[in-house]
Amino acid sequence: MAGVIRDLTDAEARRALVCKWGEVPDDVLPAWVAEMDYAVAEPVVAAVQDAVAAGMLGYPRVGAGGPLGEAYAGFARRQFGHDVDPERVVPTVDVTAGVRLALDALVPPGPLVFPVPGYAPQLAMAEVTGRERLDLVVDPDAERAELDLDLLDHHLARGARALLLTQPHNPWGRAFTRAELEGVRDVVLRHGALVVSDEIHAPLVLEGAEHVPYLAVEGTADHAVAVVAASKAFNIAGLKCAQLVTTSPALHERLVSVPLARNESWSVLGVAASEAAYVHGDAWLAALRVRLAEQRTLLGSLLAEHLPEARTRPLEATYLAWLDLRAYGHDDPAAVALERSRVQVAAGHDYQPGLTGHVRLNIATSPDRLTEIVRRLASALT
Ligand SMILES: Cc1ncc(COP(=O)(O)O)c(C=O)c1O
């Protein structure tokens, strides 16, 4: 049924989510990696089943645009009010690869600015693209997680050539406002730098917030590329298909003229699933956002009851809550929770090396499981 979020049973989740559930022992409740304990949307399942039945298991279409470009452009228009030229939608294997490709193909040698805490695998993105990483660190005591524009200015003045933005941000849970993004634009323009905007979480903006694509901000066309995907919102990361979006003809040209050896291997099934998600997924996505907003509310009351000393900032987007548990006195609360209570959350120091007392908690599960997760966390930490 369209628009219905079906919780997977434990047995189904263990079978379906071989990373989130399969990498932990059977008695451990997993709330770590960014996958959701929900059945995949029916239009997406149907598209993949049809493709498999038809033997569509060869190479994908090569090149920009096409039905995938049209599908994403329609989705961006309906979901974000953002006009994208379908011909400027370039497939790539996944968001990680897309970010790497954008950096390699578009950004001259020089340091990379990265907001921290940041998506753990991207902490290494500077190094693997041959750059120094210059961090924009959020003070754990800050009321609100914000991009430090003065520090961005300083890093760019020191020679950094690009900002790897995550919009909305994992693990800050922020959806940056247009005014904030205009601030970024002004600083970046002053230094002639580029922005690679990882927008994988864009469809996961929750009630009360709005996703503003960086490329929808006036004056960003010539210095930015967005990396987008249906994978996170539709729980299909294993199908391997993301997209690079540009507005500038020059940047687009450079992306599509990279040798195939630099950008190949997205999957034909990933394309089929992404097209289905973008074209037929709105009702399911709307229901998902309602569910996640309910889970957010539930988390608030569970924390108030069981972990009243936990500090959180409002979760505006994503299903990944960032918890400051320093008050409970454990340097590595994730390890303590795993050992004492058999619940797996992600350790804060994975997102910011050296940070103590923080965890990232995945709320995309059933209300019962979330209740049990927080109960176990509390019994381990208090
Ligand atoms: C901000 C961010 N970027 C990229 C990824 C990974 O995307 P992919 O699996 O398409 O490489 C994630 C996964 O959670 C993420 O949170």
# chains A, B, ... in the order shown; residues from 1 in each chain; ligands from 1

$ closest_atom_pairs --of "chain A" --to "ligand 1" --cutoff "7 Å" --atoms "only C-alpha atoms and all ligand atoms" --output "CSV"
residue,atom,partner,partner_atom_place_in_ligand_line,distance
A:Ala34,CA,ligand 1,14 (O),5.0
A:Asp94,CA,ligand 1,10 (O),3.7
A:Val95,CA,ligand 1,10 (O),3.6
A:Thr96,CA,ligand 1,11 (O),3.7
A:Ala97,CA,ligand 1,11 (O),6.3
A:Tyr119,CA,ligand 1,1 (C),5.3
A:Thr166,CA,ligand 1,1 (C),5.7
A:His169,CA,ligand 1,1 (C),6.5
A:Asn170,CA,ligand 1,1 (C),5.3
A:Asp198,CA,ligand 1,3 (N),6.0
A:Ile200,CA,ligand 1,3 (N),5.8
A:His201,CA,ligand 1,1 (C),6.8
A:Ala229,CA,ligand 1,10 (O),6.8
A:Ser231,CA,ligand 1,10 (O),6.4
A:Lys232,CA,ligand 1,14 (O),6.7
A:Ala237,CA,ligand 1,9 (O),5.3
A:Lys240,CA,ligand 1,10 (O),7.0
A:Ala242,CA,ligand 1,10 (O),6.3

$ closest_atom_pairs --of "region 287-361 of chain A" --to "region 9-22 of chain A" --cutoff "12 Å" --atoms "only C-alpha atoms" --output "JSON lines"
{"residue": "A:Val343", "atom": "CA", "partner": "A:Trp21", "partner_atom": "CA", "distance": 11.2}
{"residue": "A:Gln344", "atom": "CA", "partner": "A:Lys20", "partner_atom": "CA", "distance": 9.4}
{"residue": "A:Val345", "atom": "CA", "partner": "A:Lys20", "partner_atom": "CA", "distance": 10.4}
{"residue": "A:Ala346", "atom": "CA", "partner": "A:Lys20", "partner_atom": "CA", "distance": 11.1}

$ write_last_selection --atoms "C-alpha atoms" --output "compact mmCIF listing (two decimals), in the first residue's frame"
# COMPACT_ATOMS: atom_id res chain seq x y z
CA VAL A 343 22.46 -2.01 22.44
CA GLN A 344 24.58 -0.72 19.57
CA VAL A 345 24.65 3.01 18.97
CA ALA A 346 27.36 4.84 17.02

$ select_by_dssp --residues "region 49-110 of chain A" --states "strand (DSSP E)" --output "list in words"
Val89, Val90, Pro91 and Thr92 of chain A

$ write_last_selection --atoms "N, CA and C atoms" --output "PDB file, in the first residue's frame"
ATOM      1  N   VAL A  89      21.839  16.033 -14.760  1.00  0.00           N
ATOM      2  CA  VAL A  89      21.839  15.028 -13.687  1.00  0.00           C
ATOM      3  C   VAL A  89      22.723  13.870 -14.168  1.00  0.00           C
ATOM      4  N   VAL A  90      23.813  13.666 -13.447  1.00  0.00           N
ATOM      5  CA  VAL A  90      24.824  12.692 -13.880  1.00  0.00           C
ATOM      6  C   VAL A  90      24.838  11.518 -12.905  1.00  0.00           C
ATOM      7  N   PRO A  91      24.642  10.308 -13.408  1.00  0.00           N
ATOM      8  CA  PRO A  91      24.649   9.174 -12.485  1.00  0.00           C
ATOM      9  C   PRO A  91      26.046   8.860 -11.981  1.00  0.00           C
ATOM     10  N   THR A  92      26.086   8.342 -10.770  1.00  0.00           N
ATOM     11  CA  THR A  92      27.338   7.840 -10.212  1.00  0.00           C
ATOM     12  C   THR A  92      26.980   6.731  -9.238  1.00  0.00           C
TER      13      THR A  92
END

$ select_by_dssp --residues "region 19-163 of chain A" --states "helix (DSSP H, G or I)" --output "MDAnalysis selection string"
chainID A and resid 42:53 66:80 86:88 95:106 120:128 149:157

$ closest_atom_pairs --of "region 158-253 of chain A" --to "region 265-283 of chain A" --cutoff "6 Å" --atoms "only C-alpha atoms" --output "tab-separated table"
residue	atom	partner	partner_atom	distance
A:Ala230	CA	A:Ser274	CA	5.6
A:Leu239	CA	A:Gly270	CA	4.5
A:Lys240	CA	A:Gly270	CA	5.3
A:Cys241	CA	A:Gly270	CA	4.9

$ write_last_selection --atoms "N, CA and C atoms" --output "PDB file, in the first residue's frame"
ATOM      1  N   ALA A 230      18.393   8.725  -3.927  1.00  0.00           N
ATOM      2  CA  ALA A 230      17.174   8.240  -3.277  1.00  0.00           C
ATOM      3  C   ALA A 230      17.529   7.237  -2.184  1.00  0.00           C
ATOM      4  N   LEU A 239      21.669  -0.728  -3.608  1.00  0.00           N
ATOM      5  CA  LEU A 239      21.430  -0.810  -5.058  1.00  0.00           C
ATOM      6  C   LEU A 239      22.369   0.070  -5.875  1.00  0.00           C
ATOM      7  N   LYS A 240      23.070   0.971  -5.201  1.00  0.00           N
ATOM      8  CA  LYS A 240      24.160   1.713  -5.835  1.00  0.00           C
ATOM      9  C   LYS A 240      23.759   2.587  -7.022  1.00  0.00           C
ATOM     10  N   CYS A 241      23.184   3.709  -6.665  1.00  0.00           N
ATOM     11  CA  CYS A 241      22.944   4.736  -7.683  1.00  0.00           C
ATOM     12  C   CYS A 241      22.787   6.072  -6.973  1.00  0.00           C
TER      13      CYS A 241
END

$ atom_distance --atom1 "CA of Val24 (chain A)" --atom2 "CA of Arg326 (chain A)"
25.2 Å

$ residues_around --residues "Ala64 (chain A)" --least-positions-apart "5" --cutoff "12 Å" --atoms "only C-alpha atoms" --output "PyMOL selection string"
chain A and resi 69-70+72+85-92+242-246+252-253+255-257+263

$ write_last_selection --atoms "C-alpha atoms" --output "PDB file, in the first residue's frame"
ATOM      1  CA  GLY A  69      17.441  12.905 -14.915  1.00  0.00           C
ATOM      2  CA  GLU A  70      13.748  13.530 -15.600  1.00  0.00           C
ATOM      3  CA  TYR A  72      15.102  13.477 -10.224  1.00  0.00           C
ATOM      4  CA  ASP A  85      17.828  20.692 -15.665  1.00  0.00           C
ATOM      5  CA  PRO A  86      17.314  16.942 -16.222  1.00  0.00           C
ATOM      6  CA  GLU A  87      20.243  16.938 -18.642  1.00  0.00           C
ATOM      7  CA  ARG A  88      22.545  18.081 -15.845  1.00  0.00           C
ATOM      8  CA  VAL A  89      21.839  15.028 -13.687  1.00  0.00           C
ATOM      9  CA  VAL A  90      24.824  12.692 -13.880  1.00  0.00           C
ATOM     10  CA  PRO A  91      24.649   9.174 -12.485  1.00  0.00           C
ATOM     11  CA  THR A  92      27.338   7.840 -10.212  1.00  0.00           C
ATOM     12  CA  ALA A 242      23.499   8.383  -6.810  1.00  0.00           C
ATOM     13  CA  GLN A 243      23.460  11.524  -8.900  1.00  0.00           C
ATOM     14  CA  LEU A 244      25.626  14.610  -9.338  1.00  0.00           C
ATOM     15  CA  VAL A 245      23.705  17.775 -10.094  1.00  0.00           C
ATOM     16  CA  THR A 246      25.149  21.004 -11.425  1.00  0.00           C
ATOM     17  CA  HIS A 252      28.787  19.765 -15.879  1.00  0.00           C
ATOM     18  CA  GLU A 253      31.113  19.447 -18.842  1.00  0.00           C
ATOM     19  CA  LEU A 255      32.036  15.993 -14.753  1.00  0.00           C
ATOM     20  CA  VAL A 256      30.836  14.213 -17.871  1.00  0.00           C
ATOM     21  CA  SER A 257      34.213  14.318 -19.533  1.00  0.00           C
ATOM     22  CA  ASN A 263      32.997   7.141 -12.844  1.00  0.00           C
TER      23      ASN A 263
END

$ closest_residue --among "A:Ala317, A:Val359, A:Met56, A:Leu303" --to "Asp331 (chain A)" --atoms "only C-alpha atoms"
A:Val359

$ residues_around --residues "Pro367 (chain A)" --least-positions-apart "4" --cutoff "8 Å" --atoms "only C-alpha atoms" --output "ChimeraX atom specification"
/A:295,298,371

$ closest_residue --among "A:Ala142, A:Val205, A:Leu215, A:Ala46" --to "Leu165 (chain A)" --atoms "only C-alpha atoms"
A:Leu215

$ residues_around --residues "Thr129 (chain A)" --least-positions-apart "4" --cutoff "12 Å" --atoms "only C-alpha atoms" --output "PyMOL selection string"
chain A and resi 96-97+99-112+122-125+133+162

$ closest_residue --among "A:Leu320, A:Val184, A:Ala327, A:Leu194" --to "Val217 (chain A)" --atoms "only C-alpha atoms"
A:Val184

$ residues_around --residues "Asn235 (chain A)" --least-positions-apart "6" --cutoff "9 Å" --atoms "only C-alpha atoms" --output "PyMOL selection string"
chain A and resi 34-41

$ write_last_selection --atoms "N, CA and C atoms" --output "compact mmCIF listing (two decimals), in the first residue's frame"
# COMPACT_ATOMS: atom_id res chain seq x y z
N ALA A 34 23.12 4.06 9.37
CA ALA A 34 21.94 4.77 8.87
C ALA A 34 21.14 3.92 7.88
N GLU A 35 20.43 2.96 8.44
CA GLU A 35 19.46 2.18 7.68
C GLU A 35 18.19 2.14 8.53
N MET A 36 17.06 1.97 7.87
CA MET A 36 15.78 2.02 8.58
C MET A 36 15.18 0.63 8.69
N ASP A 37 14.54 0.36 9.84
CA ASP A 37 13.93 -0.96 10.06
C ASP A 37 12.52 -1.01 9.46
N TYR A 38 12.38 -0.49 8.26
CA TYR A 38 11.08 -0.46 7.59
C TYR A 38 11.16 -1.18 6.25
N ALA A 39 10.04 -1.77 5.86
CA ALA A 39 9.99 -2.42 4.54
C ALA A 39 10.17 -1.36 3.45
N VAL A 40 10.81 -1.75 2.38
CA VAL A 40 11.03 -0.83 1.26
C VAL A 40 9.69 -0.49 0.60
N ALA A 41 9.55 0.73 0.13
CA ALA A 41 8.30 1.21 -0.49
C ALA A 41 7.90 0.30 -1.65
